Amino acid sequence: MTNKYYEFFCPVKVIAGKAALEHIPFELTSLAAKRPMIITDKGVRAAGLLEPVIAACEESGLDIVSIYDDVPPDSSTTVVGAIAKLYRKEKCDSIIAVGGGSAIDTGKAVNILVSEGGDDIAEYSGAGILKKALKPFFVVPTTAGTGSEVTSVAVITDEKRGVKLPYSSPFLLPNAAVIDPRMTLTLPPHITAATAMDALTHATEAFTCMAKNPLSDAYATAAVKKISQSLLKVMDKPKDEDGRLDLAQASTMAGIAFSNSMVGLVHSLGHATGAICHLPHGLCMSLYLPYVLEFNLESIREPLGDLLLHLEGPEVYSATPAARRAEASISSIRKLRDELYKRCKLPRTLKETEKVLESQLEDIATMALDDGSIMFNPREVSLDDTITILRRAWA
Amino acid sequence: MLSKRLQPIASQARRAYVELMFQVMGRALQAITEVDEAARAETSQLPVGFLFEMQVMPAGPSLVVEHIGDGRLKYLGDEAPRAVDLSIQFKHMAHAFLVMSFQEKTAVAFAHDRMLVDGDVSLAIKMTRVLNRLEAFILPKLVAERAVKEYPATLKLPNKLLNAARIYLKVATNLVETVRA
């Protein structure tokens with residue numbers, strides 16, 4: 001009998017496509033919510049992305065009771081406490097997070113406080129603390145990469161102690177993720193590229209790491225296919241609504257995949273690089289993906305070879321000998337990175353970022369070794385291995 | 001019918017086996033930090049007084065070790081004197097048995113959601129590396145390959161045999177002392 005076992009969970013209603021935002025009022029009222037609060041950041045507001053959300057609600061007679069638009073890139077316990085206070089003062093009954101990873105994580109954390117009570121979000125840090133459903137919570141992503149709209153985790157910085165607090169519970173998952181192509185149409189080229197590479201890495205690691213399973217595989221391969229088909233089209237024609245929708249859906253699918261199968265060494269290295277060198281997460285993913293795939297190659301030859309079908313399509317897949325497909329998948333990802341470099345100078349090596357010093361590589365390697373994602377990497381990783389990978393990614 | 005009658009006996013045997021393995025593992029964790037520098041390099045980064053627990057939920061067998069300084073761990077038995085800092089909990093006795101009988105690698109058990117980590121995940125990763133190193137030392141290579149993600153290529157036979165002998169000797173001595181006490 002096989003030893004295989006897996007768990008898969010995603011109760012988030014995905015509302016995706018043309019005029020998706022206009023479904024928000026109906027979905028909120030169907031959960032008996034009448035006084036929503038929007039949580040977002042200054043960039044989203046300045047880009048005019050709140051207007052279609054507000055207009056969609058007001059047209060249906062649903063007023064947005066309060067808007068908090070000052071979420072910082074690294075959200076903190078203080079910010080979460082302040083938003084919860086505002087929520088209570090305005091007698092809100094639901095939350096709509098509009099933005100990228102930080103706004104979404106902040107929305108999740110605020111929802112804990114306003115549902116469970118208290119003023120200090122640090123008290124709820126950890127896994128499995130929450131035991132009951134929270135207030136109605138919707139997410140409208142404005143980037144296509146993090147997949148936070150379908151993950152059950154959040155990270156909030158505790159400024160007093162100088163640590164990042166993790167929160168993990170299925171109750172953090174939003175009731176609905178609203179994927180509307182209007183929300184990503186104005187995303188600048190380098191952010192479009194980096195966030196799409198983030199989603200591609202989520203999908204690729206979900207498909208090749210230890211906790212892969214048939215359901216996460218289906219989402220991962222669908223995400224890889226959409227990114228491969230649409231990313232360069234969108235880079236060349238940023239107002240391509242269909243392409244934008246493809247990338248946003250791919251990000252959500254990759255999010256569903258990796259939240260049910262975890263990720264591996266690319267993320268361990270990316271988390272460490274982000275912490276030490278303050279590089280954006282999506283860029284780190286793009287930097288390390290081919291090098292880690294090469295390191296893992298002999299452990300993931302079969303699934304990586306299968307990915308070629310979704311990266312390059314049936315003609316290239318069938319024309320490539322089975323024994324060469326895994327290498328061809330890596331080449332395909334390298335080719336995509338080269339094309340992105342041509343279009344928006346998205347760095348392909350650590351040196352090209354001009355923000356990493358060669359002297360920092362050992363610190364990155366040491367920190368990466370203790371990252372939780374490393375547990376699910378298909379190959380065991382030593383300090384020497386991580387340093388070797390970093391040296392290859394250097395230049 | 002017969003299988004129904006045998007079920008309670010099988011459950012008891014499984015529990016007894018996991019209890020015994022926890023006792024051996026706890027003592028062996030103490031021993032490896034006395035004989036192996038690489039293991040000490042990992043554990044020396046834990047705070048002094050750090051309590052690590054492995055437990056079967058909800059109130060099954062457990063092992064508790066404490067970092068007493070310089071990377072040395074001390075086996076405290078199955079009860080912690082205060083709240084533990086890091087706990088790795090098997091969701092069910094059957095899951096603990098799969099890992100302790102080397103039918104499922106520790107990393108695979110994590111991937112299969114058989115275990116929960118309560119505490120700092122980065123410290124859990126360190127402790128898992130120590131457990132893997134311990135298994136690579138004390139188990140025959142063929143068995144160890146079933147227990148760890150990758151058998152360390154750098155671990156040569158003379159080193160393995162010498163350290164395994166020292167660990168087993170310390171475990172046996174500790175067991176005898178416990179029985180005498």
# chains A, B, ... in the order shown; residues from 1 in each chain; ligands from 1
>>> residues_around(residues="Asp338 of chain A", least_positions_apart="5", cutoff="12 Å", atoms="only C-alpha atoms", output="compact mmCIF listing (two decimals) with all heavy atoms, in the first residue's frame")
# COMPACT_ATOMS: atom_id res chain seq x y z
N ALA A 193 6.62 42.19 -13.78
CA ALA A 193 7.56 41.09 -14.04
C ALA A 193 7.93 40.36 -12.75
O ALA A 193 7.87 39.12 -12.68
CB ALA A 193 8.82 41.65 -14.71
N LEU A 232 4.82 37.80 -21.16
CA LEU A 232 5.52 38.65 -22.14
C LEU A 232 4.53 39.48 -22.95
O LEU A 232 4.82 40.62 -23.31
CB LEU A 232 6.41 37.80 -23.04
CG LEU A 232 7.59 37.14 -22.30
CD1 LEU A 232 8.45 36.31 -23.25
CD2 LEU A 232 8.45 38.15 -21.55
N SER A 286 12.79 35.39 -8.63
CA SER A 286 13.27 35.34 -10.02
C SER A 286 14.77 35.06 -10.07
O SER A 286 15.26 34.31 -10.92
CB SER A 286 12.94 36.67 -10.69
OG SER A 286 13.30 36.64 -12.03
N LEU A 287 15.50 35.65 -9.13
CA LEU A 287 16.95 35.48 -9.09
C LEU A 287 17.36 34.02 -8.86
O LEU A 287 18.26 33.50 -9.50
CB LEU A 287 17.54 36.32 -7.94
CG LEU A 287 17.66 37.82 -8.15
CD1 LEU A 287 18.03 38.50 -6.84
CD2 LEU A 287 18.70 38.12 -9.21
N PRO A 290 16.14 29.41 -11.22
CA PRO A 290 16.85 28.42 -12.06
C PRO A 290 18.00 27.73 -11.33
O PRO A 290 18.25 26.54 -11.55
CB PRO A 290 17.37 29.24 -13.24
CG PRO A 290 17.25 30.66 -12.84
CD PRO A 290 16.21 30.76 -11.77
N SER A 331 15.90 25.82 -18.92
CA SER A 331 16.27 26.74 -20.02
C SER A 331 15.12 27.69 -20.34
O SER A 331 15.33 28.88 -20.61
CB SER A 331 16.63 25.97 -21.29
OG SER A 331 17.72 25.14 -21.03
N SER A 332 13.91 27.15 -20.30
CA SER A 332 12.74 27.98 -20.61
C SER A 332 12.59 29.10 -19.58
O SER A 332 12.28 30.25 -19.94
CB SER A 332 11.50 27.08 -20.62
OG SER A 332 10.34 27.85 -20.69
N ILE A 333 12.82 28.78 -18.31
CA ILE A 333 12.72 29.80 -17.26
C ILE A 333 13.85 30.83 -17.42
O ILE A 333 13.64 32.03 -17.27
CB ILE A 333 12.74 29.13 -15.86
CG1 ILE A 333 11.45 28.36 -15.65
CG2 ILE A 333 12.94 30.17 -14.75
CD1 ILE A 333 11.44 27.42 -14.48
N ARG A 343 13.18 43.72 -21.38
CA ARG A 343 12.03 44.63 -21.35
C ARG A 343 12.03 45.61 -20.17
O ARG A 343 11.54 46.70 -20.29
CB ARG A 343 10.73 43.83 -21.35
CG ARG A 343 10.43 43.20 -22.71
CD ARG A 343 9.36 42.13 -22.55
NE ARG A 343 8.90 41.65 -23.85
CZ ARG A 343 9.52 40.71 -24.57
NH1 ARG A 343 10.66 40.19 -24.13
NH2 ARG A 343 9.02 40.31 -25.74
N CYS A 344 12.53 45.17 -19.00
CA CYS A 344 12.43 46.07 -17.85
C CYS A 344 13.64 45.99 -16.92
O CYS A 344 13.56 46.44 -15.77
CB CYS A 344 11.14 45.80 -17.07
SG CYS A 344 11.13 44.22 -16.23
N LYS A 345 14.72 45.37 -17.42
CA LYS A 345 15.95 45.26 -16.64
C LYS A 345 15.74 44.54 -15.30
O LYS A 345 16.40 44.87 -14.30
CB LYS A 345 16.55 46.66 -16.37
CG LYS A 345 17.09 47.37 -17.62
CD LYS A 345 18.53 46.94 -17.91
CE LYS A 345 19.09 47.54 -19.19
NZ LYS A 345 18.57 46.95 -20.42
N LEU A 346 14.84 43.57 -15.27
CA LEU A 346 14.68 42.78 -14.04
C LEU A 346 15.96 41.96 -13.85
O LEU A 346 16.31 41.13 -14.70
CB LEU A 346 13.46 41.84 -14.14
CG LEU A 346 13.12 41.12 -12.84
CD1 LEU A 346 12.43 42.07 -11.85
CD2 LEU A 346 12.20 39.92 -13.10
N PRO A 347 16.69 42.19 -12.75
CA PRO A 347 17.99 41.54 -12.59
C PRO A 347 17.91 40.00 -12.65
O PRO A 347 16.94 39.41 -12.18
CB PRO A 347 18.45 41.99 -11.21
CG PRO A 347 17.71 43.25 -10.96
CD PRO A 347 16.39 43.07 -11.62
N ARG A 348 18.98 39.41 -13.24
CA ARG A 348 19.04 37.95 -13.32
C ARG A 348 20.08 37.37 -12.38
O ARG A 348 20.13 36.17 -12.16
CB ARG A 348 19.37 37.51 -14.75
CG ARG A 348 18.32 37.87 -15.76
CD ARG A 348 18.88 37.89 -17.15
NE ARG A 348 19.92 38.92 -17.28
CZ ARG A 348 20.58 39.17 -18.39
NH1 ARG A 348 20.33 38.46 -19.47
NH2 ARG A 348 21.50 40.13 -18.43
N THR A 349 20.95 38.25 -11.88
CA THR A 349 21.97 37.78 -10.93
C THR A 349 21.99 38.73 -9.74
O THR A 349 21.50 39.86 -9.82
CB THR A 349 23.37 37.79 -11.58
OG1 THR A 349 23.67 39.14 -11.93
CG2 THR A 349 23.44 36.89 -12.79
>>> residues_around(residues="Asp113 of chain B", least_positions_apart="6", cutoff="9 Å", atoms="only C-alpha atoms", output="MDAnalysis selection string")
(chainID A and resid 5:7 211) or (chainID B and resid 91)
>>> write_last_selection(atoms="N, CA, C and O atoms", output="PDB file, in the first residue's frame")
ATOM      1  N   TYR A   5       0.085  10.564   1.245  1.00  0.00           N
ATOM      2  CA  TYR A   5      -0.991  11.195   2.015  1.00  0.00           C
ATOM      3  C   TYR A   5      -0.932  12.686   1.739  1.00  0.00           C
ATOM      4  O   TYR A   5       0.155  13.236   1.574  1.00  0.00           O
ATOM      5  N   TYR A   6      -2.069  13.333   1.654  1.00  0.00           N
ATOM      6  CA  TYR A   6      -2.024  14.784   1.530  1.00  0.00           C
ATOM      7  C   TYR A   6      -3.279  15.415   2.110  1.00  0.00           C
ATOM      8  O   TYR A   6      -4.301  14.736   2.327  1.00  0.00           O
ATOM      9  N   GLU A   7      -3.190  16.708   2.370  1.00  0.00           N
ATOM     10  CA  GLU A   7      -4.341  17.494   2.802  1.00  0.00           C
ATOM     11  C   GLU A   7      -4.468  18.676   1.841  1.00  0.00           C
ATOM     12  O   GLU A   7      -3.457  19.219   1.392  1.00  0.00           O
ATOM     13  N   ALA A 211       5.738  18.244  -0.521  1.00  0.00           N
ATOM     14  CA  ALA A 211       4.329  18.091  -0.146  1.00  0.00           C
ATOM     15  C   ALA A 211       3.395  18.220  -1.349  1.00  0.00           C
ATOM     16  O   ALA A 211       2.203  18.464  -1.181  1.00  0.00           O
TER      17      ALA A 211
ATOM     18  N   LYS B  91       0.216  14.148  15.451  1.00  0.00           N
ATOM     19  CA  LYS B  91      -1.233  14.286  15.614  1.00  0.00           C
ATOM     20  C   LYS B  91      -1.870  12.999  16.156  1.00  0.00           C
ATOM     21  O   LYS B  91      -2.953  13.033  16.714  1.00  0.00           O
TER      22      LYS B  91
END
>>> closest_atom_pairs(of="chain A", to="chain B", cutoff="10 Å", atoms="only C-alpha atoms", output="tab-separated table")
residue	atom	partner	partner_atom	distance
A:Asn3	CA	B:Glu104	CA	7.8
A:Lys4	CA	B:His112	CA	8.0
A:Tyr5	CA	B:His112	CA	5.8
A:Tyr6	CA	B:His112	CA	5.6
A:Glu7	CA	B:Asp113	CA	7.4
A:Gly126	CA	B:Gly119	CA	7.6
A:Ala127	CA	B:Asp118	CA	7.2
A:Gly128	CA	B:Asp118	CA	9.2
A:Pro166	CA	B:Asp120	CA	9.6
A:Cys209	CA	B:Ala111	CA	9.2
A:Met210	CA	B:Ala111	CA	6.1
A:Ala211	CA	B:Ala111	CA	4.7
A:Lys212	CA	B:Ala111	CA	8.4
A:Asn213	CA	B:His112	CA	9.9
A:Asn260	CA	B:Ala111	CA	9.8
A:Ser261	CA	B:Ala111	CA	7.6
A:Met262	CA	B:Ala111	CA	8.1
A:Met367	CA	B:Ser122	CA	9.2
A:Ala368	CA	B:Ser122	CA	9.6
A:Leu369	CA	B:Ile125	CA	8.3
A:Asp370	CA	B:Ser122	CA	4.8
A:Asp371	CA	B:Ser122	CA	5.6
A:Gly372	CA	B:Val121	CA	5.8
A:Ser373	CA	B:Ile125	CA	9.4
A:Ile374	CA	B:Ile125	CA	8.2
A:Met375	CA	B:Ala107	CA	6.2
A:Phe376	CA	B:Ala111	CA	6.5
A:Asn377	CA	B:Ala107	CA	9.1
A:Pro378	CA	B:Lys149	CA	7.9
A:Arg379	CA	B:Lys149	CA	7.0
A:Glu380	CA	B:Glu150	CA	5.8
A:Val381	CA	B:Glu150	CA	9.1
A:Ser382	CA	B:Pro152	CA	9.7
>>> write_last_selection(atoms="C-alpha atoms", output="compact mmCIF listing (two decimals), in the first residue's frame")
# COMPACT_ATOMS: atom_id res chain seq x y z
CA ASN A 3 2.50 5.73 1.95
CA LYS A 4 1.22 8.79 0.12
CA TYR A 5 -0.99 11.20 2.01
CA TYR A 6 -2.02 14.78 1.53
CA GLU A 7 -4.34 17.49 2.80
CA GLY A 126 1.28 31.50 16.36
CA ALA A 127 -0.54 28.58 14.79
CA GLY A 128 -3.98 27.31 15.66
CA PRO A 166 3.65 34.88 12.23
CA CYS A 209 8.69 20.04 -3.56
CA MET A 210 7.96 17.34 -1.01
CA ALA A 211 4.33 18.09 -0.15
CA LYS A 212 3.11 18.14 -3.76
CA ASN A 213 -0.23 16.43 -4.25
CA ASN A 260 -1.41 23.34 0.18
CA SER A 261 1.97 21.93 -0.76
CA MET A 262 4.44 24.45 0.64
CA MET A 367 19.98 32.41 7.59
CA ALA A 368 18.42 30.44 4.71
CA LEU A 369 19.42 27.17 6.36
CA ASP A 370 17.05 27.83 9.28
CA ASP A 371 14.10 28.97 7.17
CA GLY A 372 10.97 26.85 7.55
CA SER A 373 10.59 26.29 3.79
CA ILE A 374 13.83 24.30 3.65
CA MET A 375 12.05 21.38 5.32
CA PHE A 376 10.00 20.81 2.16
CA ASN A 377 12.87 21.08 -0.31
CA PRO A 378 13.25 17.71 -2.04
CA ARG A 379 17.01 17.62 -1.41
CA GLU A 380 18.79 17.97 1.90
CA VAL A 381 20.71 21.24 1.96
CA SER A 382 23.97 21.99 3.74
>>> select_by_dssp(residues="segment 5-172 of chain B", states="strand (DSSP E or B)", output="number ranges by chain")
B: 51-56, 62-69, 72-77, 86-90, 115-118
>>> residues_around(residues="Ala31 of chain B", least_positions_apart="5", cutoff="10 Å", atoms="only C-alpha atoms", output="ChimeraX atom specification")
/B:25-26,36,72-75,134,163-164,166-171,174
>>> residues_around(residues="Met100 of chain B", least_positions_apart="6", cutoff="10 Å", atoms="only C-alpha atoms", output="list in words")
Tyr17, Val18, Glu19, Leu20, Met21, Phe22, Met25, Ala94, Thr106 and Ala147 of chain B
>>> select_by_dssp(residues="chain B", states="alpha helix (DSSP H)", output="ChimeraX atom specification")
/B:2-35,37-43,93-100,106-111,121-138,141-147,157-180
>>> closest_residue(among="A:Arg324, A:Lys85, A:Arg301, A:His202", to="Gly264 of chain A", atoms="only C-alpha atoms")
A:His202
>>> residues_around(residues="Pro141 of chain A", least_positions_apart="2", cutoff="12 Å", atoms="only C-alpha atoms", output="PDB file with C-alpha atoms, in the first residue's frame")
ATOM      1  CA  VAL A  14     -12.913  33.238  -6.081  1.00  0.00           C
ATOM      2  CA  ILE A  15     -14.785  35.986  -7.925  1.00  0.00           C
ATOM      3  CA  ALA A  16     -12.823  36.629 -11.095  1.00  0.00           C
ATOM      4  CA  ALA A  20     -15.891  41.282 -10.672  1.00  0.00           C
ATOM      5  CA  LEU A  21     -15.756  44.294  -8.328  1.00  0.00           C
ATOM      6  CA  ILE A  39      -7.828  48.735   4.322  1.00  0.00           C
ATOM      7  CA  THR A  40      -5.274  49.825   1.745  1.00  0.00           C
ATOM      8  CA  VAL A  44      -3.158  52.056  -4.250  1.00  0.00           C
ATOM      9  CA  LEU A  49      -7.652  51.885  -7.638  1.00  0.00           C
ATOM     10  CA  LEU A  50     -10.099  52.541  -4.797  1.00  0.00           C
ATOM     11  CA  VAL A  53     -14.323  49.542  -5.623  1.00  0.00           C
ATOM     12  CA  ILE A  96     -12.200  44.766   2.352  1.00  0.00           C
ATOM     13  CA  ALA A  97      -8.417  44.681   1.928  1.00  0.00           C
ATOM     14  CA  VAL A  98      -7.344  46.316  -1.339  1.00  0.00           C
ATOM     15  CA  GLY A  99      -3.653  46.029  -2.226  1.00  0.00           C
ATOM     16  CA  GLY A 100      -0.653  43.724  -2.204  1.00  0.00           C
ATOM     17  CA  GLY A 101       0.765  41.414   0.456  1.00  0.00           C
ATOM     18  CA  SER A 102       1.096  44.030   3.203  1.00  0.00           C
ATOM     19  CA  ALA A 103      -2.468  45.397   2.960  1.00  0.00           C
ATOM     20  CA  ILE A 104      -3.845  41.858   2.812  1.00  0.00           C
ATOM     21  CA  ASP A 105      -1.804  40.668   5.832  1.00  0.00           C
ATOM     22  CA  GLY A 107      -6.522  43.046   6.874  1.00  0.00           C
ATOM     23  CA  PHE A 138     -12.860  40.241   1.290  1.00  0.00           C
ATOM     24  CA  VAL A 139      -9.589  40.699  -0.548  1.00  0.00           C
ATOM     25  CA  THR A 143      -0.624  42.843  -7.684  1.00  0.00           C
ATOM     26  CA  ALA A 144      -0.467  39.451  -9.364  1.00  0.00           C
ATOM     27  CA  GLY A 145       2.105  37.509  -7.384  1.00  0.00           C
ATOM     28  CA  THR A 146       1.803  36.983  -3.654  1.00  0.00           C
ATOM     29  CA  GLY A 147      -1.278  34.777  -3.646  1.00  0.00           C
ATOM     30  CA  SER A 148      -2.007  36.150  -0.139  1.00  0.00           C
ATOM     31  CA  GLU A 149      -5.706  36.234  -0.988  1.00  0.00           C
ATOM     32  CA  VAL A 150      -5.793  32.436  -0.677  1.00  0.00           C
ATOM     33  CA  PRO A 174     -10.928  35.590   3.342  1.00  0.00           C
ATOM     34  CA  ALA A 176     -13.853  35.949  -1.070  1.00  0.00           C
ATOM     35  CA  ALA A 177     -10.968  36.944  -3.346  1.00  0.00           C
ATOM     36  CA  VAL A 178     -12.083  39.411  -5.993  1.00  0.00           C
ATOM     37  CA  ILE A 179      -9.889  39.239  -9.103  1.00  0.00           C
ATOM     38  CA  ASP A 180     -10.675  42.106 -11.436  1.00  0.00           C
ATOM     39  CA  PRO A 181      -8.335  42.955 -14.349  1.00  0.00           C
ATOM     40  CA  ARG A 182      -8.859  46.696 -13.726  1.00  0.00           C
ATOM     41  CA  MET A 183      -6.897  46.393 -10.492  1.00  0.00           C
ATOM     42  CA  THR A 184      -3.606  45.369 -12.132  1.00  0.00           C
ATOM     43  CA  LEU A 185      -3.816  47.339 -15.405  1.00  0.00           C
ATOM     44  CA  LEU A 187       1.048  47.968 -12.481  1.00  0.00           C
ATOM     45  CA  THR A 195       5.322  39.570  -9.095  1.00  0.00           C
ATOM     46  CA  LEU A 245      -6.605  38.689 -15.866  1.00  0.00           C
ATOM     47  CA  LEU A 247      -1.679  36.766 -14.607  1.00  0.00           C
ATOM     48  CA  ALA A 248      -3.993  37.618 -11.698  1.00  0.00           C
ATOM     49  CA  GLN A 249      -5.721  34.245 -11.917  1.00  0.00           C
ATOM     50  CA  SER A 251      -1.232  34.237  -9.035  1.00  0.00           C
ATOM     51  CA  THR A 252      -4.329  33.043  -7.181  1.00  0.00           C
TER      52      THR A 252
END
>>> closest_residue(among="B:Met127, B:Ile138, B:Val84, B:Val56", to="Phe97 of chain B", atoms="only C-alpha atoms")
B:Val56
>>> closest_residue(among="A:Ala257, A:Met37, A:Pro321, A:Lys351", to="Pro214 of chain A", atoms="only C-alpha atoms")
A:Ala257
>>> closest_residue(among="B:Arg14, B:His95, B:Arg146, B:Arg27", to="Thr173 of chain B", atoms="only C-alpha atoms")
B:Arg27
>>> atom_distance(atom1="atom CA of Ser94 of chain A", atom2="atom CA of Lys135 of chain A")
5.8 Å
>>> atom_distance(atom1="atom CA of Gly69 of chain B", atom2="atom CA of Ile364 of chain A")
26.2 Å
>>> closest_residue(among="A:Met253, A:Ala55, A:Leu390, A:Met197", to="Pro280 of chain A", atoms="only C-alpha atoms")
A:Met197
>>> decode(residues="segment 107-115 of chain A", atoms="all heavy atoms", output="short mmCIF file (atom, residue, chain, number, x, y, z; two decimals), in the first residue's frame")
data_model
loop_
_atom_site.label_atom_id
_atom_site.label_comp_id
_atom_site.auth_asym_id
_atom_site.auth_seq_id
_atom_site.Cartn_x
_atom_site.Cartn_y
_atom_site.Cartn_z
N GLY A 107 -5.09 43.35 6.80
CA GLY A 107 -6.52 43.05 6.87
C GLY A 107 -6.78 41.78 7.69
O GLY A 107 -7.68 41.74 8.53
N LYS A 108 -5.96 40.75 7.46
CA LYS A 108 -6.12 39.50 8.21
C LYS A 108 -5.92 39.75 9.71
O LYS A 108 -6.70 39.25 10.54
CB LYS A 108 -5.11 38.46 7.72
CG LYS A 108 -5.39 37.91 6.33
CD LYS A 108 -4.27 37.00 5.87
CE LYS A 108 -4.52 36.47 4.46
NZ LYS A 108 -3.38 35.71 3.91
N ALA A 109 -4.88 40.51 10.03
CA ALA A 109 -4.55 40.75 11.45
C ALA A 109 -5.63 41.61 12.11
O ALA A 109 -6.04 41.34 13.25
CB ALA A 109 -3.19 41.41 11.56
N VAL A 110 -6.10 42.65 11.40
CA VAL A 110 -7.16 43.49 11.96
C VAL A 110 -8.41 42.64 12.22
O VAL A 110 -9.09 42.78 13.24
CB VAL A 110 -7.48 44.67 11.01
CG1 VAL A 110 -8.73 45.41 11.46
CG2 VAL A 110 -6.30 45.63 10.93
N ASN A 111 -8.68 41.73 11.30
CA ASN A 111 -9.86 40.89 11.46
C ASN A 111 -9.79 40.03 12.73
O ASN A 111 -10.80 39.76 13.36
CB ASN A 111 -10.05 40.00 10.22
CG ASN A 111 -11.48 39.56 10.04
OD1 ASN A 111 -12.39 40.13 10.65
ND2 ASN A 111 -11.71 38.55 9.23
N ILE A 112 -8.57 39.63 13.08
CA ILE A 112 -8.41 38.86 14.34
C ILE A 112 -8.84 39.74 15.52
O ILE A 112 -9.66 39.34 16.36
CB ILE A 112 -6.95 38.41 14.55
CG1 ILE A 112 -6.51 37.45 13.44
CG2 ILE A 112 -6.79 37.74 15.92
CD1 ILE A 112 -5.03 37.07 13.51
N LEU A 113 -8.28 40.96 15.57
CA LEU A 113 -8.55 41.83 16.72
C LEU A 113 -10.02 42.21 16.83
O LEU A 113 -10.61 42.16 17.91
CB LEU A 113 -7.71 43.12 16.63
CG LEU A 113 -6.29 43.09 17.21
CD1 LEU A 113 -5.72 44.50 17.26
CD2 LEU A 113 -6.26 42.48 18.61
N VAL A 114 -10.63 42.60 15.69
CA VAL A 114 -12.02 43.06 15.77
C VAL A 114 -12.99 41.90 15.99
O VAL A 114 -14.11 42.11 16.45
CB VAL A 114 -12.43 43.89 14.52
CG1 VAL A 114 -11.55 45.12 14.39
CG2 VAL A 114 -12.39 43.05 13.25
N SER A 115 -12.56 40.68 15.68
CA SER A 115 -13.45 39.53 15.89
C SER A 115 -13.25 38.92 17.27
O SER A 115 -14.21 38.50 17.93
CB SER A 115 -13.18 38.45 14.84
OG SER A 115 -13.33 38.96 13.55
#
